[in-house]
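Visitor: Sharing a structure, written as structure tokens. Questions coming.
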Amino acid sequence: MFFEYSDNREKIPDIVSHTKLPDFWNGKRYYSLDAYLKHTYGEKMYKLSLNGGMTCPNRDGTLGKRGCIFCSAGGSGDFAAPASLSISDQIETAKRNISSKVSCNKYIAYFQAFTNTYAPVSYLRKIFMEAITNPDIAILSIATRPDCLDSDVISLLSELNEIKPVWIELGLQTIHPKTSNFIRSGFSLSDFESSVFALHNSGIKVIAHVILGLPNETPDMMLDSVSYLGKLSIFGIKLQLLHILKGTDLCTYYEKHPFPVFTLTEYCDIIAACLELLPPQMVIHRITGDGPKNLLVAPLWSGNKKQVLNQIQKNLKEKNTWQGRLFNN
Ligand code: SF4
């Protein structure tokens, strides 16, 4: 099945080659989120990390108490504002926090911390409406788990999607059950697939996360996960370098059983191989990682994000390759 979105992504040429990379890729060899936003909305936007004050079934004892092995105390929402503030106040605080570094008129409200559909629908409606009706917010992006999207929640998301675009971020991380058990994700690939199809049927864009560098995964296994997502026709992907952060169970495991982590060169090579397998119209929402520097244990080179991004682009040029080069639906 190839899902068609009703925005202007059909402008993307069918054939993308090194002699004709789309202008709106802005000189990059992949379709970045930045390029998508400028191409689709005509302007740059920044994400405001928000905290809806929810927990996660993988932490509150419903499925488990320790969470995913890599999950930090902030539930992967380490940059979000405190949940004690109202959503409107969080939006204003987050805007103030980035105002000295960036300038833009529209923002993406990003519910990032923990599982952001793990609450009664009436509560979800209240907080999401507060965000989506804010005049400065152009897009609502919600990070959640595939097993926390029942039909009532999807129907709410569909309603919100009529007001402004709603994106759902799902942390798949890997398609391999053995790794999935190791990281304690607590859901199956078929849970993920069912959610993607239900969201697609409601016209909601899906962004999937994959972690590159999980223990005991070979590069081929990582490429299997990426290739699977390429064929699922989702809107976007986050390619996330495995970060080992202080205070996580993964860090304890790493100290007891040190496992190899990517070097920068190896990471650039795996990213190039991933991009080649993805369709050219899939938006690359992340290509490295954003872990808090003060908690980063390994790989330390990933702390210099600008250098990593430059090196990725340089490597793609040297290899004369680009997103979609080997994509075969
Ligand atoms: S699903 Fe997300 S919030 Fe829940 S334990 Fe895993 S990483 Fe943490």
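To be explicit about the labels: the chains of the structure tokens are called A, B, and onward in the order shown, and within each one the residues are counted from 1, while ligands get numbers from 1 in the order they are shown.
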Can I get the residues of chain A within 10 Å of ligand 1, each with the closest pair of atoms and their distance in Å to one decimal, using only C-alpha atoms and all ligand atoms, sorted chain first then ascending number, as a tab-separated table?

Guide:
residue	atom	partner	partner_atom_place_in_ligand_line	distance
A:Met54	CA	ligand 1	3 (S)	9.3
A:Thr55	CA	ligand 1	3 (S)	7.0
A:Cys56	CA	ligand 1	4 (Fe)	4.7
A:Pro57	CA	ligand 1	4 (Fe)	6.7
A:Asn58	CA	ligand 1	5 (S)	4.9
A:Arg59	CA	ligand 1	5 (S)	5.7
A:Asp60	CA	ligand 1	4 (Fe)	9.2
A:Leu63	CA	ligand 1	5 (S)	9.6
A:Gly64	CA	ligand 1	5 (S)	8.4
A:Lys65	CA	ligand 1	5 (S)	8.4
A:Arg66	CA	ligand 1	5 (S)	7.1
A:Gly67	CA	ligand 1	5 (S)	3.4
A:Cys68	CA	ligand 1	6 (Fe)	4.1
A:Ile69	CA	ligand 1	6 (Fe)	7.6
A:Phe70	CA	ligand 1	7 (S)	6.7
A:Cys71	CA	ligand 1	8 (Fe)	4.4
A:Ser72	CA	ligand 1	8 (Fe)	6.9
A:Ala73	CA	ligand 1	8 (Fe)	8.3
A:Gly74	CA	ligand 1	3 (S)	8.0
A:Gly75	CA	ligand 1	3 (S)	4.2
A:Ser76	CA	ligand 1	7 (S)	5.9
A:Gly77	CA	ligand 1	3 (S)	8.2
A:Gln112	CA	ligand 1	3 (S)	8.9
A:Ala113	CA	ligand 1	3 (S)	6.7
A:Phe114	CA	ligand 1	3 (S)	3.5
A:Thr115	CA	ligand 1	3 (S)	5.4
A:Asn116	CA	ligand 1	3 (S)	8.8
A:Ala143	CA	ligand 1	2 (Fe)	8.3
A:Thr144	CA	ligand 1	1 (S)	7.1
A:Arg145	CA	ligand 1	1 (S)	5.9
A:Pro146	CA	ligand 1	1 (S)	9.2
A:Asp147	CA	ligand 1	1 (S)	9.7
A:Cys148	CA	ligand 1	1 (S)	9.9
A:Leu170	CA	ligand 1	1 (S)	9.0
A:Gly171	CA	ligand 1	1 (S)	7.2
A:Leu172	CA	ligand 1	1 (S)	9.4
A:Gln173	CA	ligand 1	7 (S)	9.9
A:Ile183	CA	ligand 1	6 (Fe)	8.6
A:Arg184	CA	ligand 1	6 (Fe)	7.7
A:Ser185	CA	ligand 1	6 (Fe)	5.9
A:Gly186	CA	ligand 1	1 (S)	8.1
A:Phe187	CA	ligand 1	1 (S)	9.2

Visitor: Name the residues of range 39-283 of chain A that come out as strand (DSSP E or B) in a backbone DSSP run; write them as number ranges by chain.

Guide: A: 45-50, 106-111, 137-144, 166-173, 205-212, 236-241, 244-245, 283

Visitor: Could you give me, as a short mmCIF file (atom, residue, chain, number, x, y, z; two decimals) with N, CA, C and O atoms, in the first residue's frame, the residues within 6 Å of Ile207 in chain A, counting only C-alpha atoms and dropping anything in the same chain fewer than 3 positions from it?

Guide:
data_model
loop_
_atom_site.label_atom_id
_atom_site.label_comp_id
_atom_site.auth_asym_id
_atom_site.auth_seq_id
_atom_site.Cartn_x
_atom_site.Cartn_y
_atom_site.Cartn_z
N GLU A 169 4.44 10.62 16.36
CA GLU A 169 5.79 10.02 16.38
C GLU A 169 5.75 8.72 17.16
O GLU A 169 5.32 8.69 18.31
N PHE A 235 5.29 9.13 6.65
CA PHE A 235 5.64 10.51 6.27
C PHE A 235 7.10 10.83 6.58
O PHE A 235 7.81 11.44 5.78
N GLY A 236 7.55 10.41 7.75
CA GLY A 236 8.90 10.83 8.13
C GLY A 236 9.60 9.81 9.00
O GLY A 236 8.99 8.86 9.52
N ILE A 237 10.89 10.02 9.16
CA ILE A 237 11.68 9.10 9.98
C ILE A 237 12.69 9.90 10.80
O ILE A 237 13.16 10.96 10.36
#

Visitor: Using only C-alpha atoms, which residues sit within 9 Å of Ala138 in chain A once same-chain residues fewer than 2 positions away are excluded, as a PyMOL selection string?

Guide: chain A and resi 45+106-109+132+134-136+140+164-165

Visitor: Kindly give the distance, in Å, that separates CA of Ala272 in chain A and CA of Asp220 in chain A, rounded to a single decimal.

Guide: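 For CA of Ala272 in chain A relative to CA of Asp220 in chain A, the distance reads 13.1 Å.
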
Visitor: Could you tell me, as a compact mmCIF listing (two decimals) with N, CA and C atoms, in the first residue's frame, which residues of range 8-230 of chain A DSSP assigns to helix (DSSP H, G or I) when given the backbone?

Guide:
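What landed in part_1.txt:
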# COMPACT_ATOMS: atom_id res chain seq x y z
N ASN A 8 1.12 19.20 -0.40
CA ASN A 8 1.72 19.42 -1.71
C ASN A 8 2.97 18.60 -1.95
N ARG A 9 3.10 17.46 -1.29
CA ARG A 9 4.33 16.68 -1.49
C ARG A 9 4.38 16.03 -2.87
N GLU A 10 3.25 16.07 -3.60
CA GLU A 10 3.30 15.49 -4.93
C GLU A 10 4.21 16.29 -5.86
N LYS A 11 4.66 17.50 -5.38
CA LYS A 11 5.59 18.29 -6.19
C LYS A 11 6.95 17.61 -6.30
N ASP A 23 15.53 21.24 -5.98
CA ASP A 23 16.06 22.51 -5.45
C ASP A 23 15.70 22.68 -3.99
N PHE A 24 14.47 22.24 -3.66
CA PHE A 24 14.01 22.50 -2.28
C PHE A 24 14.69 21.60 -1.25
N TRP A 25 15.57 20.70 -1.69
CA TRP A 25 16.38 19.97 -0.72
C TRP A 25 17.51 20.88 -0.20
N LEU A 33 13.79 17.90 7.40
CA LEU A 33 12.57 18.51 7.93
C LEU A 33 12.56 20.00 7.62
N ASP A 34 13.71 20.63 7.75
CA ASP A 34 13.81 22.06 7.46
C ASP A 34 13.35 22.34 6.02
N ALA A 35 13.84 21.52 5.08
CA ALA A 35 13.48 21.70 3.67
C ALA A 35 11.98 21.47 3.47
N TYR A 36 11.44 20.45 4.14
CA TYR A 36 10.01 20.15 4.03
C TYR A 36 9.18 21.36 4.50
N LEU A 37 9.57 21.93 5.64
CA LEU A 37 8.78 23.04 6.20
C LEU A 37 8.82 24.26 5.29
N LYS A 38 10.02 24.54 4.78
CA LYS A 38 10.13 25.71 3.89
C LYS A 38 9.37 25.45 2.59
N HIS A 39 9.46 24.24 2.09
CA HIS A 39 8.81 23.89 0.83
C HIS A 39 7.28 23.88 0.96
N THR A 40 6.81 23.35 2.09
CA THR A 40 5.37 23.17 2.27
C THR A 40 4.69 24.42 2.84
N TYR A 41 5.36 25.07 3.80
CA TYR A 41 4.72 26.20 4.49
C TYR A 41 5.37 27.54 4.14
N ILE A 87 -0.26 24.56 29.29
CA ILE A 87 0.31 24.40 27.94
C ILE A 87 0.63 25.77 27.34
N SER A 88 -0.28 26.73 27.55
CA SER A 88 -0.02 28.07 27.00
C SER A 88 1.23 28.67 27.61
N ASP A 89 1.39 28.49 28.93
CA ASP A 89 2.60 29.04 29.58
C ASP A 89 3.85 28.31 29.11
N GLN A 90 3.73 26.99 28.90
CA GLN A 90 4.89 26.24 28.39
C GLN A 90 5.28 26.76 27.00
N ILE A 91 4.27 27.04 26.19
CA ILE A 91 4.57 27.55 24.84
C ILE A 91 5.32 28.88 24.94
N GLU A 92 4.82 29.77 25.80
CA GLU A 92 5.48 31.08 25.94
C GLU A 92 6.89 30.92 26.49
N THR A 93 7.06 30.05 27.49
CA THR A 93 8.40 29.83 28.08
C THR A 93 9.35 29.28 27.04
N ALA A 94 8.88 28.27 26.29
CA ALA A 94 9.76 27.65 25.29
C ALA A 94 10.12 28.67 24.20
N LYS A 95 9.17 29.52 23.82
CA LYS A 95 9.46 30.54 22.81
C LYS A 95 10.53 31.51 23.32
N ARG A 96 10.36 31.93 24.59
CA ARG A 96 11.35 32.85 25.19
C ARG A 96 12.73 32.20 25.22
N ASN A 97 12.75 30.90 25.58
CA ASN A 97 14.04 30.22 25.72
C ASN A 97 14.83 30.15 24.41
N ILE A 98 14.11 30.10 23.29
CA ILE A 98 14.85 29.98 22.02
C ILE A 98 14.96 31.32 21.29
N SER A 99 14.32 32.37 21.84
CA SER A 99 14.23 33.63 21.09
C SER A 99 15.60 34.26 20.81
N VAL A 121 -9.29 10.56 27.12
CA VAL A 121 -9.45 11.39 25.92
C VAL A 121 -9.86 12.83 26.29
N SER A 122 -10.67 12.97 27.37
CA SER A 122 -11.11 14.34 27.74
C SER A 122 -9.90 15.20 28.12
N TYR A 123 -8.93 14.60 28.80
CA TYR A 123 -7.72 15.35 29.18
C TYR A 123 -6.88 15.66 27.93
N LEU A 124 -6.75 14.64 27.06
CA LEU A 124 -5.96 14.86 25.83
C LEU A 124 -6.58 15.98 25.00
N ARG A 125 -7.90 15.95 24.91
CA ARG A 125 -8.58 16.99 24.14
C ARG A 125 -8.24 18.38 24.69
N LYS A 126 -8.27 18.50 26.03
CA LYS A 126 -8.03 19.79 26.66
C LYS A 126 -6.61 20.31 26.32
N ILE A 127 -5.60 19.47 26.54
CA ILE A 127 -4.23 19.97 26.34
C ILE A 127 -3.88 20.15 24.85
N PHE A 128 -4.36 19.23 24.02
CA PHE A 128 -4.03 19.37 22.59
C PHE A 128 -4.77 20.56 21.97
N MET A 129 -6.02 20.79 22.41
CA MET A 129 -6.75 21.95 21.89
C MET A 129 -6.07 23.25 22.31
N GLU A 130 -5.58 23.27 23.55
CA GLU A 130 -4.89 24.48 24.03
C GLU A 130 -3.68 24.78 23.14
N ALA A 131 -2.99 23.71 22.72
CA ALA A 131 -1.80 23.92 21.87
C ALA A 131 -2.21 24.29 20.45
N ILE A 132 -3.13 23.53 19.89
CA ILE A 132 -3.41 23.67 18.45
C ILE A 132 -4.15 24.97 18.13
N PRO A 146 2.81 2.81 20.05
CA PRO A 146 1.78 2.23 19.19
C PRO A 146 0.66 1.57 19.98
N ASP A 147 0.93 1.13 21.22
CA ASP A 147 -0.12 0.45 21.98
C ASP A 147 -0.93 1.43 22.83
N CYS A 148 -0.76 2.73 22.58
CA CYS A 148 -1.55 3.74 23.30
C CYS A 148 -2.34 4.60 22.32
N SER A 151 -9.13 3.48 19.36
CA SER A 151 -9.95 4.16 18.35
C SER A 151 -10.45 5.53 18.83
N ASP A 152 -10.71 5.69 20.14
CA ASP A 152 -11.17 7.00 20.64
C ASP A 152 -10.06 8.05 20.49
N VAL A 153 -8.84 7.62 20.77
CA VAL A 153 -7.72 8.56 20.65
C VAL A 153 -7.52 8.92 19.18
N ILE A 154 -7.59 7.92 18.32
CA ILE A 154 -7.39 8.21 16.88
C ILE A 154 -8.50 9.12 16.37
N SER A 155 -9.70 8.90 16.86
CA SER A 155 -10.77 9.78 16.42
C SER A 155 -10.55 11.23 16.89
N LEU A 156 -10.01 11.41 18.10
CA LEU A 156 -9.67 12.77 18.55
C LEU A 156 -8.58 13.37 17.66
N LEU A 157 -7.55 12.57 17.37
CA LEU A 157 -6.44 13.08 16.56
C LEU A 157 -6.93 13.48 15.18
N SER A 158 -7.85 12.69 14.66
CA SER A 158 -8.41 12.97 13.35
C SER A 158 -9.17 14.30 13.37
N GLU A 159 -9.91 14.52 14.45
CA GLU A 159 -10.66 15.78 14.61
C GLU A 159 -9.67 16.97 14.67
N LEU A 160 -8.60 16.79 15.44
CA LEU A 160 -7.60 17.86 15.58
C LEU A 160 -6.90 18.12 14.25
N ASN A 161 -6.72 17.06 13.49
CA ASN A 161 -6.04 17.14 12.20
C ASN A 161 -6.83 17.99 11.20
N GLU A 162 -8.12 18.17 11.49
CA GLU A 162 -8.94 19.05 10.64
C GLU A 162 -8.64 20.52 10.95
N ILE A 163 -8.15 20.77 12.16
CA ILE A 163 -7.86 22.16 12.56
C ILE A 163 -6.48 22.56 12.04
N PRO A 177 12.67 -8.71 16.88
CA PRO A 177 12.07 -9.02 18.17
C PRO A 177 13.10 -9.22 19.29
N LYS A 178 14.25 -9.79 18.94
CA LYS A 178 15.25 -10.05 19.98
C LYS A 178 15.76 -8.72 20.57
N THR A 179 16.02 -7.76 19.69
CA THR A 179 16.48 -6.46 20.18
C THR A 179 15.35 -5.75 20.92
N SER A 180 14.14 -5.89 20.37
CA SER A 180 13.00 -5.24 20.99
C SER A 180 12.81 -5.74 22.43
N ASN A 181 13.01 -7.05 22.62
CA ASN A 181 12.93 -7.60 23.99
C ASN A 181 14.06 -7.07 24.85
N PHE A 182 15.25 -6.97 24.26
CA PHE A 182 16.40 -6.49 25.02
C PHE A 182 16.18 -5.05 25.49
N ILE A 183 15.63 -4.23 24.60
CA ILE A 183 15.44 -2.82 25.01
C ILE A 183 14.15 -2.64 25.81
N LEU A 189 5.93 -5.67 16.66
CA LEU A 189 5.91 -5.04 15.34
C LEU A 189 4.49 -4.98 14.80
N SER A 190 3.68 -5.99 15.14
CA SER A 190 2.30 -5.95 14.63
C SER A 190 1.50 -4.85 15.33
N ASP A 191 1.82 -4.53 16.60
CA ASP A 191 1.17 -3.37 17.26
C ASP A 191 1.51 -2.10 16.47
N PHE A 192 2.80 -2.00 16.10
CA PHE A 192 3.26 -0.82 15.37
C PHE A 192 2.53 -0.71 14.03
N GLU A 193 2.48 -1.82 13.30
CA GLU A 193 1.84 -1.80 11.98
C GLU A 193 0.36 -1.43 12.08
N SER A 194 -0.33 -2.02 13.07
CA SER A 194 -1.77 -1.72 13.20
C SER A 194 -1.97 -0.23 13.44
N SER A 195 -1.12 0.36 14.29
CA SER A 195 -1.28 1.80 14.57
C SER A 195 -1.01 2.62 13.33
N VAL A 196 0.04 2.25 12.60
CA VAL A 196 0.37 3.03 11.39
C VAL A 196 -0.81 2.98 10.42
N PHE A 197 -1.39 1.81 10.22
CA PHE A 197 -2.50 1.72 9.27
C PHE A 197 -3.72 2.50 9.78
N ALA A 198 -3.98 2.42 11.08
CA ALA A 198 -5.13 3.16 11.62
C ALA A 198 -4.91 4.67 11.47
N LEU A 199 -3.69 5.12 11.71
CA LEU A 199 -3.38 6.56 11.58
C LEU A 199 -3.48 6.98 10.11
N HIS A 200 -2.91 6.17 9.24
CA HIS A 200 -2.98 6.48 7.81
C HIS A 200 -4.43 6.54 7.34
N ASN A 201 -5.24 5.62 7.82
CA ASN A 201 -6.65 5.62 7.41
C ASN A 201 -7.37 6.87 7.88
N PRO A 219 25.01 -3.91 11.18
CA PRO A 219 24.53 -2.89 10.22
C PRO A 219 23.41 -3.44 9.34
N ASP A 220 23.49 -4.71 8.93
CA ASP A 220 22.42 -5.27 8.09
C ASP A 220 21.09 -5.28 8.82
N MET A 221 21.13 -5.58 10.11
CA MET A 221 19.87 -5.58 10.88
C MET A 221 19.28 -4.16 10.94
N MET A 222 20.16 -3.17 11.10
CA MET A 222 19.67 -1.78 11.16
C MET A 222 19.06 -1.40 9.81
N LEU A 223 19.73 -1.82 8.74
CA LEU A 223 19.22 -1.49 7.40
C LEU A 223 17.90 -2.21 7.13
N ASP A 224 17.72 -3.40 7.71
CA ASP A 224 16.43 -4.09 7.57
C ASP A 224 15.30 -3.24 8.16
N SER A 225 15.56 -2.67 9.33
CA SER A 225 14.53 -1.84 9.98
C SER A 225 14.20 -0.62 9.13
N VAL A 226 15.26 0.01 8.61
CA VAL A 226 15.07 1.23 7.82
C VAL A 226 14.36 0.90 6.50
N SER A 227 14.76 -0.19 5.88
CA SER A 227 14.15 -0.58 4.61
C SER A 227 12.65 -0.90 4.80
N TYR A 228 12.34 -1.56 5.91
CA TYR A 228 10.95 -1.86 6.25
C TYR A 228 10.13 -0.56 6.33
N LEU A 229 10.68 0.44 7.00
CA LEU A 229 9.95 1.70 7.14
C LEU A 229 9.84 2.43 5.81
N GLY A 230 10.86 2.30 4.99
CA GLY A 230 10.83 2.92 3.66
C GLY A 230 9.67 2.40 2.86

Visitor: CA of Ile139 in chain A to CA of Lys231 in chain A: how many Å, to one decimal?

Guide: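 Atom-to-atom, CA of Ile139 in chain A and CA of Lys231 in chain A are spaced 25.1 Å apart.
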
Visitor: Pick out the closest residue to Val261 in chain A from this set: A:Ala298, A:Ile234, A:Val283, A:Leu239. Count only C-alpha atoms.

Guide: A:Ala298

Visitor: I want to know what sits within 12 Å of Thr263 in chain A, based on only C-alpha atoms, with residues of the same chain fewer than 5 positions away left out; could you give that as a PyMOL selection string?

Guide: chain A and resi 213+241-242+268-270+298-302+308+311

Visitor: Output all heavy atoms for every residue in that selection, as a compact mmCIF listing (two decimals), in the first residue's frame.

Guide:
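Result file part_5.txt:
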# COMPACT_ATOMS: atom_id res chain seq x y z
N GLY A 213 22.69 1.45 16.21
CA GLY A 213 23.80 1.16 17.13
C GLY A 213 23.37 0.41 18.37
O GLY A 213 24.15 0.32 19.33
N LEU A 241 21.09 8.13 16.44
CA LEU A 241 22.28 7.43 16.92
C LEU A 241 22.03 6.99 18.37
O LEU A 241 21.50 7.77 19.16
CB LEU A 241 23.46 8.41 16.89
CG LEU A 241 24.71 7.99 17.65
CD1 LEU A 241 25.40 6.82 16.97
CD2 LEU A 241 25.67 9.16 17.77
N LEU A 242 22.41 5.76 18.69
CA LEU A 242 22.26 5.31 20.09
C LEU A 242 23.13 6.17 20.99
O LEU A 242 24.34 6.26 20.80
CB LEU A 242 22.70 3.85 20.24
CG LEU A 242 22.58 3.34 21.69
CD1 LEU A 242 21.13 3.12 22.08
CD2 LEU A 242 23.38 2.06 21.89
N CYS A 268 28.56 7.84 9.76
CA CYS A 268 28.27 8.50 8.48
C CYS A 268 28.00 7.46 7.40
O CYS A 268 27.14 7.65 6.53
CB CYS A 268 29.44 9.39 8.06
SG CYS A 268 29.60 10.83 9.12
N ASP A 269 28.72 6.35 7.45
CA ASP A 269 28.52 5.29 6.44
C ASP A 269 27.14 4.63 6.61
O ASP A 269 26.45 4.38 5.63
CB ASP A 269 29.63 4.23 6.54
CG ASP A 269 30.93 4.72 5.94
OD1 ASP A 269 30.90 5.75 5.22
OD2 ASP A 269 31.98 4.11 6.20
N ILE A 270 26.75 4.35 7.83
CA ILE A 270 25.44 3.69 8.02
C ILE A 270 24.32 4.66 7.66
O ILE A 270 23.31 4.27 7.08
CB ILE A 270 25.27 3.10 9.45
CG1 ILE A 270 24.03 2.18 9.52
CG2 ILE A 270 25.13 4.12 10.53
CD1 ILE A 270 24.25 0.82 9.05
N ALA A 298 28.50 8.04 25.96
CA ALA A 298 29.10 7.59 24.70
C ALA A 298 28.03 7.60 23.61
O ALA A 298 26.84 7.45 23.93
CB ALA A 298 29.67 6.18 24.86
N PRO A 299 28.43 7.75 22.34
CA PRO A 299 29.75 8.15 21.86
C PRO A 299 29.93 9.66 22.03
O PRO A 299 29.05 10.43 21.63
CB PRO A 299 29.73 7.76 20.39
CG PRO A 299 28.32 7.39 20.03
CD PRO A 299 27.47 7.51 21.25
N LEU A 300 31.09 10.06 22.57
CA LEU A 300 31.29 11.46 22.94
C LEU A 300 31.35 12.39 21.73
O LEU A 300 30.99 13.56 21.82
CB LEU A 300 32.55 11.60 23.79
CG LEU A 300 32.39 11.04 25.21
CD1 LEU A 300 33.71 11.05 25.96
CD2 LEU A 300 31.32 11.80 26.00
N TRP A 301 31.80 11.86 20.57
CA TRP A 301 31.87 12.72 19.38
C TRP A 301 30.50 13.26 18.99
O TRP A 301 30.39 14.28 18.33
CB TRP A 301 32.50 11.98 18.19
CG TRP A 301 31.85 10.67 17.83
CD1 TRP A 301 32.25 9.44 18.19
CD2 TRP A 301 30.65 10.49 17.05
NE1 TRP A 301 31.40 8.47 17.69
CE2 TRP A 301 30.41 9.10 16.98
CE3 TRP A 301 29.78 11.35 16.39
CZ2 TRP A 301 29.32 8.56 16.29
CZ3 TRP A 301 28.69 10.81 15.71
CH2 TRP A 301 28.47 9.44 15.66
N SER A 302 29.42 12.56 19.41
CA SER A 302 28.08 12.98 18.99
C SER A 302 27.65 14.28 19.64
O SER A 302 26.65 14.88 19.25
CB SER A 302 27.07 11.88 19.29
OG SER A 302 26.95 11.70 20.68
N VAL A 308 28.90 16.64 13.14
CA VAL A 308 28.31 15.38 12.67
C VAL A 308 27.50 15.63 11.39
O VAL A 308 27.66 14.91 10.39
CB VAL A 308 27.42 14.73 13.75
CG1 VAL A 308 26.80 13.43 13.25
CG2 VAL A 308 28.21 14.47 15.03
N GLN A 311 29.78 16.30 8.47
CA GLN A 311 30.49 15.09 8.06
C GLN A 311 29.56 14.15 7.28
O GLN A 311 29.97 13.52 6.31
CB GLN A 311 31.02 14.38 9.32
CG GLN A 311 32.16 13.42 9.10
CD GLN A 311 33.37 14.04 8.40
OE1 GLN A 311 33.72 15.18 8.67
NE2 GLN A 311 33.97 13.29 7.49

Visitor: For each of A:Leu232, A:Ala208, A:Leu214, A:Ala83, take the minimum atom-to-atom distance to Arg286 in chain A, counting only C-alpha atoms, then give the residue where this is smallest.

Guide: A:Ala208

Visitor: Please identify all polymer residues within 6 Å of Ile142 in chain A, counting only C-alpha atoms, omitting same-chain residues fewer than 3 positions from it, and present them as a list in words.

Guide: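 The filter keeps Tyr110, Phe111, Ile168 and Glu169 of chain A.
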
Visitor: Keeping C-alpha atoms, export the residues of the selection given above as a CSV table (one decimal), in the first residue's frame.

Guide:
chain,number,residue,atom,x,y,z
A,110,TYR,CA,5.9,19.0,20.3
A,111,PHE,CA,4.5,16.8,23.1
A,168,ILE,CA,2.3,11.2,15.4
A,169,GLU,CA,5.8,10.0,16.4

Visitor: Using only C-alpha atoms, which of the listed residues (A:Leu149, A:Leu316, A:Leu85, A:Leu250) sits closest to Tyr267 in chain A?

Guide: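 Of A:Leu149, A:Leu316, A:Leu85, A:Leu250, the one nearest Tyr267 in chain A, counting only C-alpha atoms, is A:Leu316.
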